[in-house]
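Source file upload_1.csv; content: CSV, C-alpha atoms.
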```csv
chain,number,residue,atom,x,y,z
P,28,MET,CA,12.9,8.8,34.2
P,29,GLU,CA,16.2,7.0,33.5
P,30,ILE,CA,16.4,8.6,30.1
P,31,LEU,CA,16.0,12.0,31.6
P,32,LEU,CA,18.5,11.3,34.3
P,33,SER,CA,21.0,9.9,31.8
P,34,LEU,CA,20.6,13.0,29.6
P,35,ILE,CA,21.3,15.3,32.5
P,36,LEU,CA,24.3,13.4,33.8
P,37,GLY,CA,25.5,12.4,30.3
P,38,PRO,CA,27.1,14.5,27.5
P,39,LEU,CA,24.2,16.8,27.2
P,40,GLY,CA,24.4,17.7,30.9
P,41,LYS,CA,28.1,18.4,30.6
P,42,ILE,CA,27.5,20.7,27.7
P,43,LEU,CA,24.7,22.5,29.5
P,44,GLY,CA,26.9,22.8,32.6
P,45,ILE,CA,29.8,24.3,30.6
P,46,ILE,CA,27.4,26.8,29.0
P,47,VAL,CA,25.9,27.8,32.3
P,48,ALA,CA,29.4,28.2,33.8
P,49,VAL,CA,30.7,30.3,30.9
P,50,GLY,CA,27.5,32.4,31.0
P,51,GLY,CA,27.9,32.9,34.8
P,52,ALA,CA,31.5,34.0,34.3
P,53,ILE,CA,30.5,36.5,31.7
P,54,LEU,CA,27.8,38.0,33.8
P,55,TYR,CA,30.1,38.0,36.8
P,56,GLY,CA,32.7,40.0,34.8
P,57,LYS,CA,30.1,42.4,33.5
P,58,TYR,CA,28.7,43.0,37.0
P,59,TYR,CA,32.1,43.9,38.4
P,60,GLN,CA,33.1,46.0,35.4
P,61,ALA,CA,29.9,48.1,35.9
P,62,LYS,CA,30.7,48.3,39.6
P,63,ALA,CA,34.3,49.5,38.8
P,64,GLU,CA,33.0,52.1,36.3
P,65,LYS,CA,30.6,53.5,38.9
P,66,ALA,CA,33.3,53.7,41.5
P,67,GLN,CA,35.6,55.5,39.0
P,68,ALA,CA,32.8,58.0,38.2
P,69,ARG,CA,32.3,58.6,41.9
P,70,ALA,CA,36.0,59.2,42.4
P,71,ASP,CA,36.1,61.6,39.4
P,72,GLY,CA,33.2,63.5,41.0
P,73,TYR,CA,35.0,63.8,44.3
P,74,GLN,CA,38.2,64.9,42.6
P,75,ALA,CA,36.2,67.7,40.8
P,76,GLN,CA,34.7,68.8,44.2
P,77,VAL,CA,38.2,69.0,45.6
P,78,GLU,CA,39.4,71.1,42.7
P,79,ILE,CA,36.4,73.4,43.0
P,80,ALA,CA,37.0,73.8,46.8
P,81,GLN,CA,40.7,74.7,46.1
P,82,GLY,CA,39.6,77.3,43.5
P,83,ARG,CA,37.2,78.8,46.0
P,84,GLU,CA,39.9,79.0,48.7
P,85,GLU,CA,42.3,80.8,46.2
P,86,VAL,CA,39.6,83.3,45.3
P,87,GLN,CA,38.7,83.8,48.9
P,88,HIS,CA,42.4,84.4,49.8
P,89,GLU,CA,42.7,87.0,47.0
P,90,VAL,CA,39.5,88.7,48.1
P,91,GLU,CA,40.7,88.9,51.7
P,92,LYS,CA,44.0,90.4,50.5
P,93,VAL,CA,42.2,93.1,48.5
P,94,VAL,CA,39.9,93.9,51.3
P,95,GLU,CA,42.8,94.2,53.7
P,96,GLU,CA,44.7,96.5,51.3
P,97,THR,CA,41.5,98.7,50.9
P,98,ARG,CA,41.0,98.8,54.7
P,99,GLN,CA,44.6,100.0,55.1
P,100,LYS,CA,44.2,102.7,52.5
P,101,VAL,CA,41.0,103.9,54.1
P,102,GLU,CA,42.6,104.0,57.5
P,103,ALA,CA,45.6,105.9,56.0
P,104,GLY,CA,43.3,108.4,54.2
P,105,ASP,CA,44.8,107.5,50.8
P,106,ALA,CA,42.1,108.8,48.5
P,107,ALA,CA,44.2,108.5,45.4
P,108,GLY,CA,45.0,104.9,46.2
P,109,LEU,CA,41.4,104.1,46.8
P,110,ALA,CA,40.3,105.7,43.6
P,111,ASP,CA,43.0,103.7,41.7
P,112,SER,CA,41.9,100.5,43.4
P,113,PHE,CA,38.3,101.1,42.6
P,114,ASN,CA,39.1,101.9,38.9
P,115,ARG,CA,41.1,98.6,38.6
P,116,LEU,CA,38.3,96.6,40.1
P,117,ARG,CA,35.7,98.2,37.8
P,118,ASP,CA,37.9,97.5,34.7
P,119,ARG,CA,38.2,93.8,35.4
```
Represent the structure contained in this file as structure tokens.
Amino acid sequence: MEILLSLILGPLGKILGIIVAVGGAILYGKYYQAKAEKAQARADGYQAQVEIAQGREEVQHEVEKVVEETRQKVEAGDAAGLADSFNRLRDR
């Protein structure tokens, strides 16, 4: 029992303690690195969602503008303007 205790508390124990501490530090670093990478991926996903939403808003604004112009042409009875608008939409 004394031999075992002296090995644990002696030079072999110090070496094992250092190895365990270094291994723990390496695992700790890898854990937080993986956690940071996941957070960055999540942030990139949110940024992409924001960009998509902005694109949709721009398209929606353009569509509303075209619809309003068409409505005004219909109310004004501008058949030539309606035909021109229709042809431009069809050619896109």
TODO: Using CA of Gln74 in chain P and CA of Tyr59 in chain P as the two end points, give the distance in Å to one decimal.
DONE: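 Atom-to-atom, CA of Gln74 in chain P to CA of Tyr59 in chain P, that is 22.3 Å.
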Task: Gap from CA of Tyr55 in chain P to CA of Gly72 in chain P - Å, one decimal - done: 26.0 Å
Open item on the list: Here is a test: counting all atoms listed in the file, which residue of P:Leu116, P:Lys65, P:Leu36, P:Ile53 is nearest to Val90 in chain P?
Closed with: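 Selected residue with least distance to Val90 in chain P: P:Leu116.
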Task: Two-atom distance - CA of Glu85 in chain P, CA of Ser112 in chain P (Å) - done: 19.9 Å
